[in-house]
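First comes the structure, then the notes that go with it.
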Amino acid sequence: MAKNITPRDKDYSQWYQDIIKEAGLAEHSPVRGCMVIKPTGYAIWENMKSALDEMFKDTGHQNAYFPLFIPKSFLSKEANHVEGFAKECAVVTHSRLISTENGVDVDPDSRLEEELIVRPTSETIIWDTYRNWIQSYRDLPILVNQWANVVRWEMRTRLFLRTMEFLWQEGHTAHATEEEAVAETRQMLEVYRTFAEDFMAMPVITGVKTESERFAGAVETYCIEALMQDGKALQAGTSHFLGQNFAKAFDCTFQDKDGKVKHVWATSWGVSTRLIGGLIMTHSDDNGLVIPPKIAPVQAVIVPVYRKDEEREVVFEYARVLMQELKSEGIRVRFDDREQFKPGWKFAQHEVEGIPVRLTVGPRDVQNEKVEFVRRDKGEKKLLDRAEVTQHVVVQLAQMQTDLLDAARARMKQNTREANDYDSFKQILDEHGGFVYAHWDGTSETEARIKEETKATIRCIPLSSGPEGAGVCMISGKPSTKKVLFARAY
RNA sequence: CGGGAUGUAGCGCAGUCCGGUUAGCGCACACGCCUGGGGGGCGUGGGGUCGCAGGUUCAAAUCCUGUCAUCCCGACCA
């Protein structure tokens, strides 16, 4: 039905790229692995951003901004951190260009005394800064977030899911006690879970990462894991308890109430534009993008239908009054009065773009005081009395929001299975993909072997969901207190 | 970074194997008329250094070398 969109069952990866292109979310830049986020894609990000930002403020955080460039020496201070990021850093070595016959070249005389690293994440520069902000327990906690871009030199990239430069937010907090820092880590994980479910309509499993999947430099990494339509998992957000690792590396101490000098306890947490990829792969269909109303840049579009100029006039008037009425209810509405496109073309295009609600008005409707209503996720047309339109739209936008979450939850449930031995584990992965709960002995050797043999990784050790009960590891037969969550992942 | 594929108008493609008029088609775009409740019709137009750089040749989209980018599969990662 939709031109230019490859059906999911034919080629899921191609479908994903087609959606991004046809819905006008982003495109490739001339530089490998980077993307241009187009206005529609950026509007989605802005909506996500403002919802999250409000949640951060509500939990006591403030925004600040730290620089893009980090002195090379900073990266070497926390051993695990260095090791984790060393292989994917962009390095600035020179500060000038000179004109040549063929254009420009790097001026060899402009070599920097200390090279600069384009931040892959900001822990180091932030902790170097916090050291100066903190002297006493009275200076704590520091609850700061920043919205920024970061660069990680990736081998293989995919629009939104993994790009060399991406947009994100990174929260960095400093606390006087371990308990407080852990509570902060858990609190922000909960913020992410709430955001994913309430705004993105994307159900997630919360849990703890294993040592091998842990953030470089963290003591514990918590995460939200989502399940995409093709049965692959997506890490959608992380919240790290950093212990005193960075405080020690950057000599960040405070004098406590008891007069003793102690190292500060830290957290960091982030979500990125990767979430947009998750959003696409959670709800969209073969006709194009489907996005929850709370995140949709345009929530309702009005399409006029007319033949003659007289009809055009009355239909436009009817539509404009309706638009104002919807606007006054706080609905993001667009009146598609473009002359160059036919109604049928507009219908198809709005579906590709994922506008949640479409209202069609023609001469017949003006005559009969009706409006045609269609919801993007349902597709059925419904003729409404003019008087009930606005209320209906308000109700249906809210309903669509919960319907999308319910549908995604049902799909997650349907694609979550338990394996009690390694053979059935492999069989489930090959036949269905999805989430698989299984017993694991807790060793990284076993984890590595499973990954090697099946491509599945431990997504997390679930916090509150999933099957309870002890058993034995499907590989080693050693005791396991609880099943952990496996999947092949993006 | 290894293996494979691709790059020709804004988009999708043919032409490349086997070099030879003015590089073609569909959609989109501009203009006109008919149209308009699910991607309309007819007509007339505009738009290309064939990814880029070298080379072979009387002659290169086509052959050779290099390079950049994209996609898929691996290794690495949010």
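Here, A, B, ... name the chains of the structure tokens in the order displayed, residue numbers run from 1 inside each chain, and ligands are numbered from 1 in the same displayed order.
Using only C-alpha atoms (C1' of nucleotides), the contacts of A:Gln135 at a cut-off of 7 Å, with sequence neighbours closer than 3 positions omitted, comprise Asp139, Thr253, Phe254 and Gln255 of chain A.
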Selection from above, N, CA, C and O atoms, as an mmCIF file, in the first residue's frame, can you write it?
data_model
loop_
_atom_site.group_PDB
_atom_site.id
_atom_site.type_symbol
_atom_site.label_atom_id
_atom_site.label_comp_id
_atom_site.auth_asym_id
_atom_site.auth_seq_id
_atom_site.Cartn_x
_atom_site.Cartn_y
_atom_site.Cartn_z
ATOM 1 N N ASP A 139 27.948 21.176 50.593
ATOM 2 C CA ASP A 139 27.919 21.428 49.142
ATOM 3 C C ASP A 139 27.219 20.293 48.377
ATOM 4 O O ASP A 139 27.062 20.363 47.158
ATOM 5 N N THR A 253 37.005 15.312 47.164
ATOM 6 C CA THR A 253 36.691 14.962 48.550
ATOM 7 C C THR A 253 35.878 16.051 49.230
ATOM 8 O O THR A 253 35.777 17.167 48.730
ATOM 9 N N PHE A 254 35.314 15.685 50.369
ATOM 10 C CA PHE A 254 34.572 16.676 51.167
ATOM 11 C C PHE A 254 34.770 16.359 52.637
ATOM 12 O O PHE A 254 35.093 15.230 53.013
ATOM 13 N N GLN A 255 34.585 17.376 53.454
ATOM 14 C CA GLN A 255 34.671 17.153 54.888
ATOM 15 C C GLN A 255 33.277 16.908 55.419
ATOM 16 O O GLN A 255 32.371 17.723 55.235
#
Would you list which chain A residues are within 6 Å of chain B using only C-alpha atoms (C1' of nucleotides), as a list in words? Arg307, Gly344 and Trp345 of chain A
Taking 5 positions as the minimum chain separation for residues in the same chain, which residues sit within 12 Å of B:C42 when counting only C-alpha atoms (C1' of nucleotides)? Answer as a list in words. G32, C33, C34 and U35 of chain B
So that I have them on file, write out the residues from the current selection with N, CA and C atoms (P, O5', C5', C4', C3', O3' and C1' of nucleotides), as a compact mmCIF listing (two decimals), in the first residue's frame.
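Writing done, so here's again_16.txt:
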# COMPACT_ATOMS: atom_id res chain seq x y z
P G B 32 -0.48 28.21 -14.91
O5' G B 32 -1.25 27.49 -16.11
C5' G B 32 -1.41 28.15 -17.37
C4' G B 32 -2.07 27.23 -18.36
C3' G B 32 -3.35 26.56 -17.87
O3' G B 32 -4.48 27.42 -17.94
C1' G B 32 -1.98 24.98 -18.99
P C B 33 -5.64 27.26 -16.83
O5' C B 33 -6.43 25.98 -17.34
C5' C B 33 -7.30 26.07 -18.47
C4' C B 33 -7.62 24.70 -19.01
C3' C B 33 -8.46 23.82 -18.10
O3' C B 33 -9.85 24.13 -18.14
C1' C B 33 -6.66 22.56 -18.98
P C B 34 -10.72 23.91 -16.80
O5' C B 34 -10.87 22.33 -16.75
C5' C B 34 -11.64 21.65 -17.73
C4' C B 34 -11.41 20.16 -17.65
C3' C B 34 -11.87 19.48 -16.37
O3' C B 34 -13.26 19.25 -16.33
C1' C B 34 -9.71 18.72 -16.94
P U B 35 -13.95 19.09 -14.94
O5' U B 35 -13.25 17.79 -14.38
C5' U B 35 -13.35 17.46 -13.01
C4' U B 35 -12.17 16.63 -12.60
C3' U B 35 -12.10 16.35 -11.11
O3' U B 35 -12.86 15.19 -10.80
C1' U B 35 -9.98 17.10 -11.89
I'd like to know which residues of stretch 202-352 of chain A are strand (DSSP E) (by DSSP, run on the backbone); could you write them as a ChimeraX atom specification? /A:205-208,220-227,233-243,253-255,261-263,265-272,300-304,333-335
What does the file look like for those residues with N, CA and C atoms, as a short mmCIF file (atom, residue, chain, number, x, y, z; two decimals), in the first residue's frame?
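Now in again_25.cif:
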data_model
loop_
_atom_site.label_atom_id
_atom_site.label_comp_id
_atom_site.auth_asym_id
_atom_site.auth_seq_id
_atom_site.Cartn_x
_atom_site.Cartn_y
_atom_site.Cartn_z
N ILE A 205 12.06 -3.54 30.48
CA ILE A 205 12.44 -4.34 31.64
C ILE A 205 13.58 -3.58 32.32
N THR A 206 13.44 -3.37 33.62
CA THR A 206 14.53 -2.72 34.34
C THR A 206 15.41 -3.79 34.97
N GLY A 207 16.69 -3.50 35.01
CA GLY A 207 17.57 -4.50 35.59
C GLY A 207 18.99 -3.98 35.78
N VAL A 208 19.85 -4.90 36.14
CA VAL A 208 21.25 -4.58 36.39
C VAL A 208 22.09 -5.29 35.33
N GLU A 220 28.11 -0.25 39.33
CA GLU A 220 26.90 -0.97 38.93
C GLU A 220 26.20 -0.17 37.84
N THR A 221 25.77 -0.87 36.79
CA THR A 221 25.01 -0.21 35.73
C THR A 221 23.60 -0.76 35.71
N TYR A 222 22.63 0.13 35.85
CA TYR A 222 21.22 -0.25 35.74
C TYR A 222 20.74 0.14 34.35
N CYS A 223 19.75 -0.55 33.86
CA CYS A 223 19.32 -0.25 32.50
C CYS A 223 17.83 -0.48 32.30
N ILE A 224 17.31 0.12 31.25
CA ILE A 224 15.99 -0.26 30.77
C ILE A 224 16.20 -0.94 29.42
N GLU A 225 15.58 -2.09 29.26
CA GLU A 225 15.72 -2.86 28.03
C GLU A 225 14.36 -2.99 27.36
N ALA A 226 14.33 -2.64 26.08
CA ALA A 226 13.07 -2.74 25.33
C ALA A 226 13.20 -3.85 24.30
N LEU A 227 12.05 -4.31 23.80
CA LEU A 227 12.06 -5.37 22.79
C LEU A 227 11.44 -4.84 21.50
N ALA A 233 16.56 -7.02 21.19
CA ALA A 233 16.47 -6.13 22.34
C ALA A 233 17.21 -4.83 22.06
N LEU A 234 16.77 -3.78 22.72
CA LEU A 234 17.43 -2.49 22.60
C LEU A 234 17.65 -1.89 23.98
N GLN A 235 18.91 -1.62 24.29
CA GLN A 235 19.20 -0.92 25.54
C GLN A 235 18.75 0.52 25.35
N ALA A 236 17.77 0.93 26.13
CA ALA A 236 17.11 2.22 25.87
C ALA A 236 17.55 3.31 26.83
N GLY A 237 18.23 2.94 27.89
CA GLY A 237 18.70 3.95 28.83
C GLY A 237 19.53 3.29 29.92
N THR A 238 20.46 4.06 30.47
CA THR A 238 21.29 3.49 31.53
C THR A 238 21.45 4.47 32.68
N SER A 239 21.60 3.93 33.87
CA SER A 239 21.82 4.73 35.07
C SER A 239 22.93 4.03 35.86
N HIS A 240 24.00 4.78 36.09
CA HIS A 240 25.18 4.14 36.70
C HIS A 240 25.44 4.62 38.12
N PHE A 241 25.71 3.64 38.97
CA PHE A 241 26.25 3.96 40.29
C PHE A 241 27.77 3.88 40.14
N LEU A 242 28.43 5.04 40.29
CA LEU A 242 29.86 5.09 40.00
C LEU A 242 30.73 4.88 41.23
N GLY A 243 30.08 4.69 42.37
CA GLY A 243 30.86 4.50 43.59
C GLY A 243 31.73 5.72 43.85
N THR A 253 37.01 15.31 47.16
CA THR A 253 36.69 14.96 48.55
C THR A 253 35.88 16.05 49.23
N PHE A 254 35.31 15.69 50.37
CA PHE A 254 34.57 16.68 51.17
C PHE A 254 34.77 16.36 52.64
N GLN A 255 34.59 17.38 53.45
CA GLN A 255 34.67 17.15 54.89
C GLN A 255 33.28 16.91 55.42
N VAL A 261 37.61 13.75 56.23
CA VAL A 261 37.63 14.00 54.79
C VAL A 261 37.33 12.69 54.06
N LYS A 262 36.33 12.73 53.19
CA LYS A 262 35.89 11.51 52.50
C LYS A 262 35.77 11.74 51.00
N HIS A 263 35.81 10.66 50.25
CA HIS A 263 35.57 10.76 48.81
C HIS A 263 34.07 10.81 48.54
N TRP A 265 30.53 10.26 46.54
CA TRP A 265 29.87 9.15 45.83
C TRP A 265 29.16 9.71 44.60
N ALA A 266 29.19 8.95 43.51
CA ALA A 266 28.72 9.53 42.25
C ALA A 266 27.73 8.65 41.49
N THR A 267 26.98 9.32 40.62
CA THR A 267 26.12 8.61 39.67
C THR A 267 26.23 9.30 38.31
N SER A 268 25.86 8.59 37.27
CA SER A 268 25.62 9.24 35.99
C SER A 268 24.55 8.43 35.27
N TRP A 269 23.80 9.11 34.43
CA TRP A 269 22.67 8.45 33.76
C TRP A 269 22.35 9.16 32.47
N GLY A 270 21.93 8.41 31.47
CA GLY A 270 21.68 9.03 30.17
C GLY A 270 20.74 8.26 29.26
N VAL A 271 20.07 9.03 28.42
CA VAL A 271 19.35 8.46 27.27
C VAL A 271 19.69 9.32 26.06
N SER A 272 19.57 8.72 24.89
CA SER A 272 20.05 9.41 23.69
C SER A 272 19.03 9.37 22.56
N ALA A 300 -2.82 16.03 15.23
CA ALA A 300 -4.00 15.89 14.37
C ALA A 300 -3.82 16.76 13.14
N VAL A 301 -4.23 16.21 12.01
CA VAL A 301 -4.14 16.98 10.77
C VAL A 301 -5.55 17.07 10.17
N ILE A 302 -5.87 18.24 9.64
CA ILE A 302 -7.16 18.42 9.00
C ILE A 302 -6.95 18.50 7.49
N VAL A 303 -7.64 17.62 6.77
CA VAL A 303 -7.52 17.60 5.31
C VAL A 303 -8.82 18.11 4.69
N PRO A 304 -8.74 19.18 3.93
CA PRO A 304 -9.94 19.68 3.26
C PRO A 304 -10.17 18.99 1.93
N VAL A 333 -2.20 20.79 16.18
CA VAL A 333 -2.99 20.49 14.99
C VAL A 333 -2.43 21.22 13.78
N ARG A 334 -2.53 20.57 12.63
CA ARG A 334 -2.11 21.20 11.38
C ARG A 334 -3.25 21.15 10.38
N PHE A 335 -3.46 22.26 9.71
CA PHE A 335 -4.45 22.31 8.65
C PHE A 335 -3.69 22.17 7.34
#
For atom CA of A:Arg409 and atom CA of A:Met200, determine how far apart the two atoms are, in Å to one decimal place. 12.2 Å
Neighbour list for B:U16 as a ChimeraX atom specification, cut-off 10 Å, only C-alpha atoms (C1' of nucleotides), skip fewer than 2 positions in-chain: /B:18-19,61-63
If you count only C-alpha atoms (C1' of nucleotides), which residues fall within 6 Å of stretch 67-75 of chain A, apart from same-chain ones fewer than 2 positions away, as an MDAnalysis selection string? chainID A and resid 77 82 115:119 124
